>>> print(open('work.cif').read())   # mmCIF, C-alpha atoms
data_my_file
loop_
_atom_site.label_atom_id
_atom_site.label_comp_id
_atom_site.auth_asym_id
_atom_site.auth_seq_id
_atom_site.Cartn_x
_atom_site.Cartn_y
_atom_site.Cartn_z
CA MET A 84 -44.11 -8.18 16.04
CA VAL A 85 -47.22 -6.28 15.00
CA LYS A 86 -49.38 -8.78 13.17
CA ARG A 87 -50.79 -7.85 9.79
CA ASN A 88 -52.05 -9.93 6.95
CA VAL A 89 -48.62 -11.52 6.51
CA GLY A 90 -48.22 -13.31 3.21
CA LYS A 91 -51.21 -11.52 1.67
CA GLU A 92 -50.20 -7.86 1.64
CA ILE A 93 -47.23 -5.57 2.08
CA LEU A 94 -47.06 -2.01 3.40
CA TYR A 95 -45.54 0.61 1.10
CA LEU A 96 -44.08 3.76 2.68
CA THR A 97 -42.96 6.68 0.54
CA GLN A 98 -40.34 9.09 1.85
CA ASP A 99 -43.10 11.45 2.99
CA LYS A 100 -44.70 8.68 5.04
CA VAL A 101 -41.33 7.62 6.45
CA ILE A 102 -40.86 11.17 7.71
CA GLU A 103 -44.47 11.38 8.90
CA ALA A 104 -43.88 8.35 11.12
CA GLY A 105 -42.27 10.88 13.43
CA ILE A 106 -38.78 9.68 14.28
CA ASN A 107 -36.63 12.65 15.33
CA ASP A 108 -32.87 13.15 15.55
CA ASP A 109 -32.71 12.05 19.19
CA ASP A 110 -34.53 8.83 18.25
CA ILE A 111 -32.08 8.23 15.41
CA LEU A 112 -29.11 8.66 17.75
CA GLN A 113 -30.58 6.20 20.25
CA LEU A 114 -31.43 3.63 17.57
CA VAL A 115 -27.99 3.87 15.96
CA LYS A 116 -26.30 3.53 19.34
CA ALA A 117 -28.46 0.46 20.02
CA ALA A 118 -27.59 -1.09 16.66
CA LEU A 119 -23.88 -0.43 17.19
CA THR A 120 -24.05 -2.00 20.65
CA GLU A 121 -25.62 -5.15 19.23
CA HIS A 122 -23.03 -5.22 16.44
CA GLY A 123 -20.16 -4.76 18.85
CA SER A 124 -21.56 -7.51 21.09
CA LYS A 125 -21.85 -9.84 18.06
CA LYS A 126 -25.59 -10.23 18.58
CA TYR A 127 -26.58 -9.85 14.95
CA GLU A 128 -26.39 -11.43 11.51
CA MET A 129 -25.08 -9.29 8.67
CA PRO A 130 -23.34 -10.78 5.64
CA SER A 131 -20.93 -8.42 3.94
CA LYS A 132 -22.32 -6.24 1.19
CA ILE A 133 -22.63 -7.57 -2.32
CA GLY A 134 -22.85 -5.07 -5.11
CA LEU A 135 -22.75 -3.85 -8.67
CA HIS A 136 -20.53 -1.07 -9.96
CA PRO A 137 -21.88 -0.15 -13.41
CA ARG A 138 -19.89 3.08 -13.81
CA GLU A 139 -16.57 4.32 -12.45
CA ASN A 140 -16.86 5.39 -8.80
CA THR A 141 -20.48 4.20 -8.57
CA LEU A 142 -21.97 1.50 -6.41
CA MET A 143 -25.22 -0.41 -5.93
CA HIS A 144 -25.14 -2.44 -2.71
CA ALA A 145 -27.34 -5.04 -1.07
CA MET A 146 -27.20 -4.56 2.70
CA PRO A 147 -28.99 -7.28 4.72
CA GLY A 148 -29.27 -7.26 8.49
CA TRP A 149 -30.91 -9.19 11.34
CA VAL A 150 -30.90 -7.77 14.87
CA PRO A 151 -32.83 -10.14 17.20
CA ALA A 152 -33.05 -7.70 20.13
CA TYR A 153 -35.17 -5.38 17.98
CA ASP A 154 -36.87 -8.02 15.82
CA ALA A 155 -35.42 -6.11 12.89
CA CYS A 156 -34.90 -8.16 9.74
CA GLY A 157 -34.54 -6.99 6.17
CA ILE A 158 -32.34 -5.62 3.43
CA LYS A 159 -31.52 -2.25 1.93
CA TRP A 160 -30.71 -1.84 -1.76
CA ALA A 161 -28.64 1.36 -1.85
CA GLU A 162 -27.00 3.27 -4.66
CA CYS A 163 -24.40 6.04 -4.83
CA PHE A 164 -23.75 7.81 -8.15
CA PRO A 165 -21.65 10.97 -7.55
CA ASP A 166 -22.44 12.50 -10.95
CA ASN A 167 -26.19 12.53 -10.37
CA TYR A 168 -26.04 16.29 -9.84
CA LYS A 169 -25.89 16.50 -13.63
CA TYR A 170 -29.44 15.09 -13.69
CA ASN A 171 -30.66 17.17 -10.74
CA LEU A 172 -30.82 14.01 -8.64
CA PRO A 173 -29.25 13.16 -5.26
CA GLN A 174 -26.18 10.96 -5.54
CA THR A 175 -27.69 8.50 -3.04
CA SER A 176 -30.88 6.49 -3.55
CA GLY A 177 -32.33 3.33 -2.09
CA LEU A 178 -35.22 1.16 -0.98
CA MET A 179 -35.57 -1.16 1.98
CA ILE A 180 -37.55 -4.37 2.40
CA LEU A 181 -38.45 -5.51 5.91
CA ASN A 182 -39.33 -9.13 6.58
CA CYS A 183 -41.33 -10.97 9.20
CA SER A 184 -38.71 -12.80 11.28
CA GLU A 185 -41.19 -15.61 12.07
CA THR A 186 -42.32 -16.46 8.54
CA GLY A 187 -39.75 -14.77 6.29
CA TRP A 188 -42.46 -13.01 4.32
CA PRO A 189 -41.86 -9.39 3.30
CA ILE A 190 -43.99 -6.98 5.33
CA CYS A 191 -42.87 -3.54 4.17
CA ILE A 192 -41.18 -1.69 1.31
CA LEU A 193 -40.00 1.75 2.32
CA ASP A 194 -37.89 4.62 1.10
CA ALA A 195 -34.31 4.33 2.35
CA ILE A 196 -32.92 7.68 1.19
CA TRP A 197 -34.08 9.47 4.33
CA ILE A 198 -32.85 6.65 6.57
CA THR A 199 -29.40 6.68 4.94
CA ALA A 200 -29.18 10.46 5.17
CA LYS A 201 -29.99 10.36 8.88
CA ARG A 202 -28.18 7.28 10.13
CA THR A 203 -24.78 7.98 8.55
CA PRO A 204 -24.16 11.22 10.46
CA ALA A 205 -25.69 9.59 13.54
CA VAL A 206 -22.87 7.03 13.48
CA THR A 207 -20.35 9.87 13.26
CA ALA A 208 -22.12 11.62 16.12
CA VAL A 209 -22.07 8.53 18.33
CA ALA A 210 -18.39 8.05 17.49
CA CYS A 211 -17.71 11.65 18.57
CA GLU A 212 -19.03 10.83 22.03
CA TYR A 213 -16.35 8.17 22.47
CA LEU A 214 -13.50 9.36 20.25
CA ALA A 215 -13.44 13.16 20.06
CA ARG A 216 -11.82 15.34 22.72
CA LYS A 217 -14.33 16.42 25.33
CA ASP A 218 -13.29 20.05 24.88
CA SER A 219 -13.75 20.06 21.09
CA GLU A 220 -14.96 23.46 19.85
CA ILE A 221 -14.41 23.46 16.08
CA VAL A 222 -15.62 21.04 13.41
CA GLY A 223 -14.35 21.04 9.84
CA MET A 224 -17.02 19.74 7.44
CA ILE A 225 -15.90 18.82 3.93
CA GLY A 226 -18.87 18.34 1.64
CA ALA A 227 -22.12 20.33 1.73
CA GLY A 228 -24.39 17.80 0.11
CA ILE A 229 -27.03 15.74 1.90
CA GLN A 230 -24.50 14.11 4.20
CA GLY A 231 -22.78 17.40 4.93
CA ARG A 232 -26.08 19.05 5.81
CA GLU A 233 -27.14 16.24 8.11
CA HIS A 234 -23.77 16.17 9.87
CA VAL A 235 -23.94 19.92 10.46
CA ASN A 236 -27.47 19.53 11.77
CA LEU A 237 -26.65 16.67 14.17
CA LEU A 238 -23.15 17.24 15.54
CA PRO A 239 -24.16 20.16 17.79
CA LYS A 240 -26.21 17.63 19.78
CA VAL A 241 -23.16 15.61 20.80
CA ILE A 242 -20.33 18.15 21.01
CA PRO A 243 -21.29 20.22 24.05
CA ASN A 244 -18.64 22.95 23.65
CA LEU A 245 -19.07 23.34 19.90
CA LYS A 246 -18.60 26.94 18.76
CA LYS A 247 -17.87 26.79 15.02
CA ILE A 248 -18.44 24.51 12.04
CA LYS A 249 -16.25 25.37 9.05
CA ILE A 250 -17.73 24.15 5.75
CA TYR A 251 -16.12 23.56 2.36
CA ASP A 252 -17.54 22.21 -0.90
CA ARG A 253 -16.47 22.57 -4.50
CA PHE A 254 -19.88 24.14 -5.18
CA GLU A 255 -20.02 27.47 -3.34
CA GLU A 256 -23.78 27.68 -3.77
CA SER A 257 -24.15 24.45 -1.77
CA ILE A 258 -22.22 26.00 1.12
CA SER A 259 -24.34 29.16 1.00
CA LYS A 260 -27.61 27.24 0.97
CA LEU A 261 -26.54 24.96 3.81
CA ILE A 262 -25.63 27.94 5.97
CA SER A 263 -28.78 29.91 5.14
CA ASP A 264 -30.95 26.87 5.92
CA LEU A 265 -29.21 25.65 9.08
CA GLN A 266 -27.72 28.70 10.80
CA PRO A 267 -31.13 29.74 12.19
CA LYS A 268 -31.54 26.26 13.71
CA HIS A 269 -28.18 26.47 15.48
CA PRO A 270 -27.84 30.06 16.74
CA ASN A 271 -25.12 29.14 19.25
CA VAL A 272 -22.83 27.58 16.62
CA GLU A 273 -21.25 29.77 13.95
CA LEU A 274 -21.39 28.21 10.47
CA ILE A 275 -18.42 29.49 8.49
CA PRO A 276 -17.95 29.19 4.70
CA CYS A 277 -14.44 28.17 3.65
CA LYS A 278 -12.56 28.55 0.40
CA SER A 279 -10.24 25.54 0.64
CA PHE A 280 -9.53 22.18 2.24
CA GLU A 281 -6.70 23.74 4.23
CA GLU A 282 -8.86 26.49 5.71
CA THR A 283 -11.42 23.88 6.75
CA VAL A 284 -9.00 21.40 8.29
CA ARG A 285 -6.48 23.62 10.08
CA GLY A 286 -7.43 24.18 13.70
CA SER A 287 -10.40 21.81 13.62
CA ASP A 288 -10.86 19.42 16.55
CA VAL A 289 -13.13 17.18 14.50
CA VAL A 290 -12.93 16.78 10.72
CA VAL A 291 -15.61 15.01 8.71
CA SER A 292 -15.26 14.37 4.98
CA ALA A 293 -18.41 13.39 3.11
CA THR A 294 -17.73 13.68 -0.61
CA ALA A 295 -17.57 11.06 -3.36
CA ILE A 296 -16.19 7.61 -2.59
CA LEU A 297 -13.40 7.13 -5.13
CA SER A 298 -11.86 3.83 -6.15
CA LYS A 299 -8.55 5.64 -6.66
CA PRO A 300 -7.77 8.16 -3.91
CA GLU A 301 -7.08 11.76 -4.89
CA PRO A 302 -5.44 13.14 -1.72
CA GLN A 303 -6.30 16.78 -1.09
CA ILE A 304 -5.84 17.05 2.67
CA LYS A 305 -2.24 17.36 3.80
CA ASP A 306 -1.16 15.58 6.95
CA GLU A 307 0.55 18.71 8.26
CA TRP A 308 -2.79 20.56 8.46
CA ILE A 309 -4.25 18.19 11.04
CA LYS A 310 -4.47 19.44 14.61
CA GLU A 311 -2.92 17.40 17.41
CA GLY A 312 -5.58 15.31 19.12
CA ALA A 313 -8.03 15.58 16.23
CA PHE A 314 -10.80 13.11 15.55
CA ILE A 315 -11.30 12.36 11.84
CA ALA A 316 -14.40 10.73 10.33
CA PRO A 317 -13.80 9.98 6.64
CA VAL A 318 -17.29 8.99 5.47
CA ASP A 319 -15.84 8.93 1.94
CA PHE A 320 -13.05 6.43 2.74
CA ASP A 321 -9.54 7.44 1.72
CA SER A 322 -10.69 9.58 -1.21
CA LEU A 323 -9.21 12.85 0.10
CA TRP A 324 -6.66 11.79 2.69
CA GLU A 325 -2.92 11.15 2.55
CA TRP A 326 -2.02 7.61 3.49
CA LYS A 327 0.53 8.86 6.01
CA THR A 328 -2.32 10.37 8.04
CA PHE A 329 -4.11 7.03 8.28
CA LYS A 330 -0.88 5.21 8.98
CA ARG A 331 0.17 7.43 11.89
CA ALA A 332 -3.19 7.43 13.68
CA ASP A 333 -2.93 6.36 17.31
CA LYS A 334 -6.24 4.55 16.95
CA PHE A 335 -7.86 3.60 13.64
CA LEU A 336 -11.39 2.22 13.77
CA VAL A 337 -13.95 0.99 11.26
CA ASP A 338 -17.61 0.10 11.59
CA SER A 339 -17.25 -3.35 10.01
CA LEU A 340 -13.97 -5.02 9.15
CA ASP A 341 -15.83 -7.60 7.04
CA GLU A 342 -17.30 -4.85 4.90
CA MET A 343 -13.96 -3.09 4.55
CA ASN A 344 -12.50 -6.36 3.29
CA TYR A 345 -15.32 -6.49 0.75
CA PHE A 346 -14.49 -3.01 -0.51
CA MET A 347 -10.82 -3.87 -0.83
CA GLY A 348 -11.84 -6.94 -2.82
CA VAL A 349 -13.70 -4.84 -5.40
CA GLY A 350 -10.95 -2.27 -5.87
CA TYR A 351 -11.38 0.36 -3.16
CA LEU A 352 -8.90 1.29 -0.40
CA ALA A 353 -5.92 0.78 -2.69
CA ASN A 354 -3.45 1.20 0.20
CA GLY A 355 -5.34 -1.24 2.40
CA LEU A 356 -5.96 -0.37 6.03
CA PRO A 357 -3.67 0.43 8.96
CA ASP A 358 -3.77 -1.76 12.04
CA ILE A 359 -7.34 -1.73 13.34
CA HIS A 360 -7.88 -0.77 16.98
CA ALA A 361 -11.55 -1.77 17.05
CA GLU A 362 -14.90 -1.72 15.32
CA ILE A 363 -16.83 1.29 16.61
CA GLY A 364 -19.57 -0.99 17.97
CA GLU A 365 -17.05 -2.65 20.25
CA VAL A 366 -16.24 0.73 21.77
CA VAL A 367 -19.92 1.66 22.13
CA ALA A 368 -20.59 -1.73 23.77
CA GLY A 369 -17.77 -1.12 26.26
CA LEU A 370 -15.62 -3.96 24.97
CA LYS A 371 -12.80 -1.79 23.61
CA VAL A 372 -11.47 1.53 24.83
CA GLY A 373 -12.11 4.82 23.03
CA ARG A 374 -10.09 8.02 23.50
CA GLU A 375 -7.63 7.83 26.36
CA THR A 376 -5.57 11.02 25.99
CA ASP A 377 -6.13 14.46 24.48
CA ASP A 378 -3.19 14.20 22.09
CA GLU A 379 -4.29 11.02 20.30
CA LEU A 380 -5.07 11.20 16.58
CA ILE A 381 -8.12 8.98 16.16
CA ILE A 382 -9.73 8.05 12.85
CA ASP A 383 -13.01 6.18 12.49
CA MET A 384 -13.97 5.10 8.97
CA ASN A 385 -17.66 4.21 8.80
CA ILE A 386 -19.30 3.21 5.53
CA GLY A 387 -22.69 2.21 6.96
CA MET A 388 -24.17 -1.12 7.98
CA GLY A 389 -27.38 -2.98 7.34
CA VAL A 390 -27.94 -3.53 11.06
CA GLU A 391 -28.34 0.23 11.53
CA ASP A 392 -30.77 0.48 8.63
CA VAL A 393 -33.07 -2.35 9.66
CA VAL A 394 -33.28 -1.23 13.30
CA ILE A 395 -34.38 2.23 12.18
CA GLY A 396 -36.59 0.81 9.44
CA LYS A 397 -38.38 -1.50 11.87
CA LYS A 398 -39.12 1.39 14.24
CA ILE A 399 -40.55 3.41 11.35
CA TYR A 400 -42.67 0.44 10.30
CA ASP A 401 -44.07 -0.03 13.80
CA LEU A 402 -44.93 3.67 14.05
CA ALA A 403 -46.53 3.62 10.60
CA ILE A 404 -48.75 0.73 11.68
CA GLU A 405 -49.76 2.57 14.85
CA LYS A 406 -50.58 5.74 12.90
CA GLY A 407 -52.23 4.06 9.92
CA LEU A 408 -49.67 5.40 7.45
CA GLY A 409 -48.78 4.03 4.05
CA LEU A 410 -50.44 2.00 1.35
CA SER A 411 -51.24 -1.70 1.67
CA LEU A 412 -50.46 -3.57 -1.55
CA PRO A 413 -51.58 -7.11 -2.34
CA LEU A 414 -48.90 -9.73 -2.80
#
>>> encode(input="work.cif", output="structure tokens")
Amino acid sequence: MVKRNVGKEILYLTQDKVIEAGINDDDILQLVKAALTEHGSKKYEMPSKIGLHPRENTLMHAMPGWVPAYDACGIKWAECFPDNYKYNLPQTSGLMILNCSETGWPICILDAIWITAKRTPAVTAVACEYLARKDSEIVGMIGAGIQGREHVNLLPKVIPNLKKIKIYDRFEESISKLISDLQPKHPNVELIPCKSFEETVRGSDVVVSATAILSKPEPQIKDEWIKEGAFIAPVDFDSLWEWKTFKRADKFLVDSLDEMNYFMGVGYLANGLPDIHAEIGEVVAGLKVGRETDDELIIDMNIGMGVEDVVIGKKIYDLAIEKGLGLSLPL
């Protein structure tokens, strides 16, 4: 651990300083893969989320994590309010506190919005390496908000034969802006605006849904639209999917079964879960098998874990110390 004046001051990092620390997408992928490996190997401590739900379909979650291999210890306080667009605010917000693992004292408060935006699609991307068909060419992306944008930006790094990403959102202007912003960055992948769920899903080798997490599912995606051998990553739980699709999956994975049990306990996942093949970390760690045949329907439902956040947060903190970033505040 980098020693500072522990117990006397704390480093404060705004989102600008978090970004200035200099972690890039490749770093995020490596850090997420490392965190998943530690989680799959059971070399971590991470109590299930606790949370508040002050409005319908909203959540405020405490997400602690301790990963000894990376001396990463802390907690993220994260919020998701889908109607924040009405206030011209992102639906996701959050702060993280990092702690000294030797003394327990807090050492850093940092923005967690950027970390959440980056690590969530990184988990999907890592999952694609193990669960998507190797010859996948088409991605269907449902949702063109922050998560949709970051998925579109990252997936070309891990799907080597990717040719097209089809994008649908209820707000057409969000689709247009995403494409205008990101198409120049990915000239070898065609970004295609879609008019419906069906157009987005049909023919897609990988389908990612990143919309609002609903306590009561409102299925919009019909099982018959799904391509044989598809990989599905429902970042928004079962909000848009027919239960029969989940039930018939050849392999159904989650990131944390403990956390899924928490969500069921507070009213989400009304149909429960199908039989679980593995946690994705177990596959990344080599303890469970991923895709075995091209015709398997595989679904991996990842909601995000504190171990991912603190591993990334600790790296940002270390870089900020090296570069002299942030504001030191007295305790």
>>> residues_around(input="work.cif", residues="Gly348 of chain A", least_positions_apart="4", cutoff="12 Å", atoms="only C-alpha atoms", output="MDAnalysis selection string")
chainID A and resid 131:134 298 341:344 352:353 355
>>> write_last_selection(input="work.cif", atoms="C-alpha atoms", output="mmCIF file, in the frame of the given file")
data_model
loop_
_atom_site.group_PDB
_atom_site.id
_atom_site.type_symbol
_atom_site.label_atom_id
_atom_site.label_comp_id
_atom_site.auth_asym_id
_atom_site.auth_seq_id
_atom_site.Cartn_x
_atom_site.Cartn_y
_atom_site.Cartn_z
ATOM 1 C CA SER A 131 -20.930 -8.420 3.940
ATOM 2 C CA LYS A 132 -22.320 -6.240 1.190
ATOM 3 C CA ILE A 133 -22.630 -7.570 -2.320
ATOM 4 C CA GLY A 134 -22.850 -5.070 -5.110
ATOM 5 C CA SER A 298 -11.860 3.830 -6.150
ATOM 6 C CA ASP A 341 -15.830 -7.600 7.040
ATOM 7 C CA GLU A 342 -17.300 -4.850 4.900
ATOM 8 C CA MET A 343 -13.960 -3.090 4.550
ATOM 9 C CA ASN A 344 -12.500 -6.360 3.290
ATOM 10 C CA LEU A 352 -8.900 1.290 -0.400
ATOM 11 C CA ALA A 353 -5.920 0.780 -2.690
ATOM 12 C CA GLY A 355 -5.340 -1.240 2.400
#
>>> closest_atom_pairs(input="work.cif", of="segment 196-223 of chain A", to="segment 267-289 of chain A", cutoff="12 Å", atoms="all atoms listed in the file", output="tab-separated table")
residue	atom	partner	partner_atom	distance
A:Thr207	CA	A:Val289	CA	10.3
A:Ala208	CA	A:Val289	CA	10.7
A:Ala210	CA	A:Val289	CA	11.0
A:Cys211	CA	A:Val289	CA	8.3
A:Glu212	CA	A:Val289	CA	11.5
A:Leu214	CA	A:Val289	CA	9.7
A:Ala215	CA	A:Val289	CA	6.9
A:Arg216	CA	A:Asp288	CA	7.5
A:Lys217	CA	A:Asp288	CA	9.9
A:Asp218	CA	A:Asp288	CA	8.7
A:Ser219	CA	A:Asp288	CA	5.4
A:Glu220	CA	A:Asp288	CA	6.6
A:Ile221	CA	A:Ser287	CA	5.0
A:Val222	CA	A:Val289	CA	4.7
A:Gly223	CA	A:Thr283	CA	5.1
>>> resolve_selection(input="work.cif", expression="the PyMOL selection byres ((chain A and resi 108-111) around 8)", output="PDB file with C-alpha atoms, keeping the file's coordinate frame")
ATOM      1  CA  ILE A 106     -38.780   9.680  14.280  1.00  0.00           C
ATOM      2  CA  ASN A 107     -36.630  12.650  15.330  1.00  0.00           C
ATOM      3  CA  LEU A 112     -29.110   8.660  17.750  1.00  0.00           C
ATOM      4  CA  GLN A 113     -30.580   6.200  20.250  1.00  0.00           C
ATOM      5  CA  LEU A 114     -31.430   3.630  17.570  1.00  0.00           C
ATOM      6  CA  VAL A 115     -27.990   3.870  15.960  1.00  0.00           C
ATOM      7  CA  LYS A 201     -29.990  10.360   8.880  1.00  0.00           C
ATOM      8  CA  ARG A 202     -28.180   7.280  10.130  1.00  0.00           C
ATOM      9  CA  ALA A 205     -25.690   9.590  13.540  1.00  0.00           C
ATOM     10  CA  LEU A 237     -26.650  16.670  14.170  1.00  0.00           C
ATOM     11  CA  ILE A 395     -34.380   2.230  12.180  1.00  0.00           C
TER      12      ILE A 395
END
>>> residues_around(input="work.cif", residues="Val366 of chain A", least_positions_apart="2", cutoff="12 Å", atoms="all atoms listed in the file", output="number ranges by chain")
A: 116, 119-124, 209-214, 334, 336-338, 360-364, 368-374, 383
>>> atom_distance(input="work.cif", atom1="atom CA of Ile225 of chain A", atom2="atom CA of Ala313 of chain A")
15.0 Å
>>> axis_aligned_box(input="work.cif", around="segment 383-401 of chain A", padding_each_side="5 Å", output="AutoDock Vina command-line options")
--center_x -28.5 --center_y 1.3 --center_z 9.9 --size_x 41.1 --size_y 19.7 --size_z 18.7
>>> closest_residue(input="work.cif", among="A:Ile262, A:Leu172, A:Ile386, A:Val206", to="Arg232 of chain A", atoms="only C-alpha atoms")
A:Ile262
>>> atom_distance(input="work.cif", atom1="atom CA of Trp160 of chain A", atom2="atom CA of Met388 of chain A")
11.8 Å
>>> residues_around(input="work.cif", residues="Pro302 of chain A", least_positions_apart="2", cutoff="6 Å", atoms="all atoms listed in the file", output="list in words")
Pro300, Ile304, Leu323, Trp324 and Glu325 of chain A
>>> resolve_selection(input="work.cif", expression="the PyMOL selection byres ((chain A and resi 176) around 12)", output="PDB file with C-alpha atoms, keeping the file's coordinate frame")
ATOM      1  CA  GLN A  98     -40.340   9.090   1.850  1.00  0.00           C
ATOM      2  CA  THR A 141     -20.480   4.200  -8.570  1.00  0.00           C
ATOM      3  CA  LEU A 142     -21.970   1.500  -6.410  1.00  0.00           C
ATOM      4  CA  MET A 143     -25.220  -0.410  -5.930  1.00  0.00           C
ATOM      5  CA  HIS A 144     -25.140  -2.440  -2.710  1.00  0.00           C
ATOM      6  CA  LYS A 159     -31.520  -2.250   1.930  1.00  0.00           C
ATOM      7  CA  TRP A 160     -30.710  -1.840  -1.760  1.00  0.00           C
ATOM      8  CA  ALA A 161     -28.640   1.360  -1.850  1.00  0.00           C
ATOM      9  CA  GLU A 162     -27.000   3.270  -4.660  1.00  0.00           C
ATOM     10  CA  CYS A 163     -24.400   6.040  -4.830  1.00  0.00           C
ATOM     11  CA  PHE A 164     -23.750   7.810  -8.150  1.00  0.00           C
ATOM     12  CA  PRO A 165     -21.650  10.970  -7.550  1.00  0.00           C
ATOM     13  CA  ASN A 167     -26.190  12.530 -10.370  1.00  0.00           C
ATOM     14  CA  LEU A 172     -30.820  14.010  -8.640  1.00  0.00           C
ATOM     15  CA  PRO A 173     -29.250  13.160  -5.260  1.00  0.00           C
ATOM     16  CA  GLN A 174     -26.180  10.960  -5.540  1.00  0.00           C
ATOM     17  CA  THR A 175     -27.690   8.500  -3.040  1.00  0.00           C
ATOM     18  CA  GLY A 177     -32.330   3.330  -2.090  1.00  0.00           C
ATOM     19  CA  LEU A 178     -35.220   1.160  -0.980  1.00  0.00           C
ATOM     20  CA  MET A 179     -35.570  -1.160   1.980  1.00  0.00           C
ATOM     21  CA  LEU A 193     -40.000   1.750   2.320  1.00  0.00           C
ATOM     22  CA  ASP A 194     -37.890   4.620   1.100  1.00  0.00           C
ATOM     23  CA  ALA A 195     -34.310   4.330   2.350  1.00  0.00           C
ATOM     24  CA  ILE A 196     -32.920   7.680   1.190  1.00  0.00           C
ATOM     25  CA  TRP A 197     -34.080   9.470   4.330  1.00  0.00           C
ATOM     26  CA  ILE A 198     -32.850   6.650   6.570  1.00  0.00           C
ATOM     27  CA  THR A 199     -29.400   6.680   4.940  1.00  0.00           C
ATOM     28  CA  ALA A 200     -29.180  10.460   5.170  1.00  0.00           C
ATOM     29  CA  ILE A 229     -27.030  15.740   1.900  1.00  0.00           C
TER      30      ILE A 229
END
>>> resolve_selection(input="work.cif", expression="the PyMOL selection byres ((chain A and resi 406) around 12)", output="PyMOL selection string")
chain A and resi 100-101+103-105+399-405+407-409
>>> closest_residue(input="work.cif", among="A:Lys247, A:Lys299, A:Arg253, A:Lys169", to="Phe320 of chain A", atoms="all atoms listed in the file")
A:Lys299
>>> closest_residue(input="work.cif", among="A:Ile382, A:Val367, A:Asp392, A:Asp377", to="Ala332 of chain A", atoms="all atoms listed in the file")
A:Ile382
>>> decode(input="work.cif", residues="segment 201-205 of chain A", atoms="all heavy atoms", output="short mmCIF file (atom, residue, chain, number, x, y, z; two decimals), in the first residue's frame")
data_model
loop_
_atom_site.label_atom_id
_atom_site.label_comp_id
_atom_site.auth_asym_id
_atom_site.auth_seq_id
_atom_site.Cartn_x
_atom_site.Cartn_y
_atom_site.Cartn_z
N LYS A 201 -17.89 1.87 -16.88
CA LYS A 201 -16.85 1.12 -17.58
C LYS A 201 -16.82 -0.35 -17.20
O LYS A 201 -16.63 -1.23 -18.05
CB LYS A 201 -15.48 1.74 -17.28
CG LYS A 201 -15.26 3.09 -17.93
CD LYS A 201 -15.13 2.98 -19.43
CE LYS A 201 -14.77 4.28 -20.09
NZ LYS A 201 -14.60 4.16 -21.57
N ARG A 202 -17.00 -0.65 -15.94
CA ARG A 202 -16.81 -2.05 -15.52
C ARG A 202 -17.97 -2.95 -15.90
O ARG A 202 -17.80 -4.14 -16.15
CB ARG A 202 -16.48 -2.14 -14.04
CG ARG A 202 -17.61 -1.79 -13.06
CD ARG A 202 -18.42 -3.03 -12.68
NE ARG A 202 -19.12 -2.80 -11.42
CZ ARG A 202 -20.43 -2.73 -11.30
NH1 ARG A 202 -21.22 -2.83 -12.36
NH2 ARG A 202 -20.98 -2.56 -10.11
N THR A 203 -19.19 -2.40 -15.98
CA THR A 203 -20.34 -3.25 -16.32
C THR A 203 -20.20 -3.84 -17.72
O THR A 203 -20.33 -5.07 -17.89
CB THR A 203 -21.64 -2.46 -16.16
OG1 THR A 203 -21.70 -1.93 -14.82
CG2 THR A 203 -22.84 -3.35 -16.42
N PRO A 204 -19.93 -3.03 -18.75
CA PRO A 204 -19.73 -3.64 -20.07
C PRO A 204 -18.46 -4.48 -20.14
O PRO A 204 -18.38 -5.41 -20.96
CB PRO A 204 -19.65 -2.44 -21.02
CG PRO A 204 -19.32 -1.29 -20.17
CD PRO A 204 -19.94 -1.56 -18.84
N ALA A 205 -17.48 -4.19 -19.29
CA ALA A 205 -16.26 -5.01 -19.27
C ALA A 205 -16.59 -6.43 -18.82
O ALA A 205 -16.01 -7.40 -19.33
CB ALA A 205 -15.20 -4.39 -18.38
#
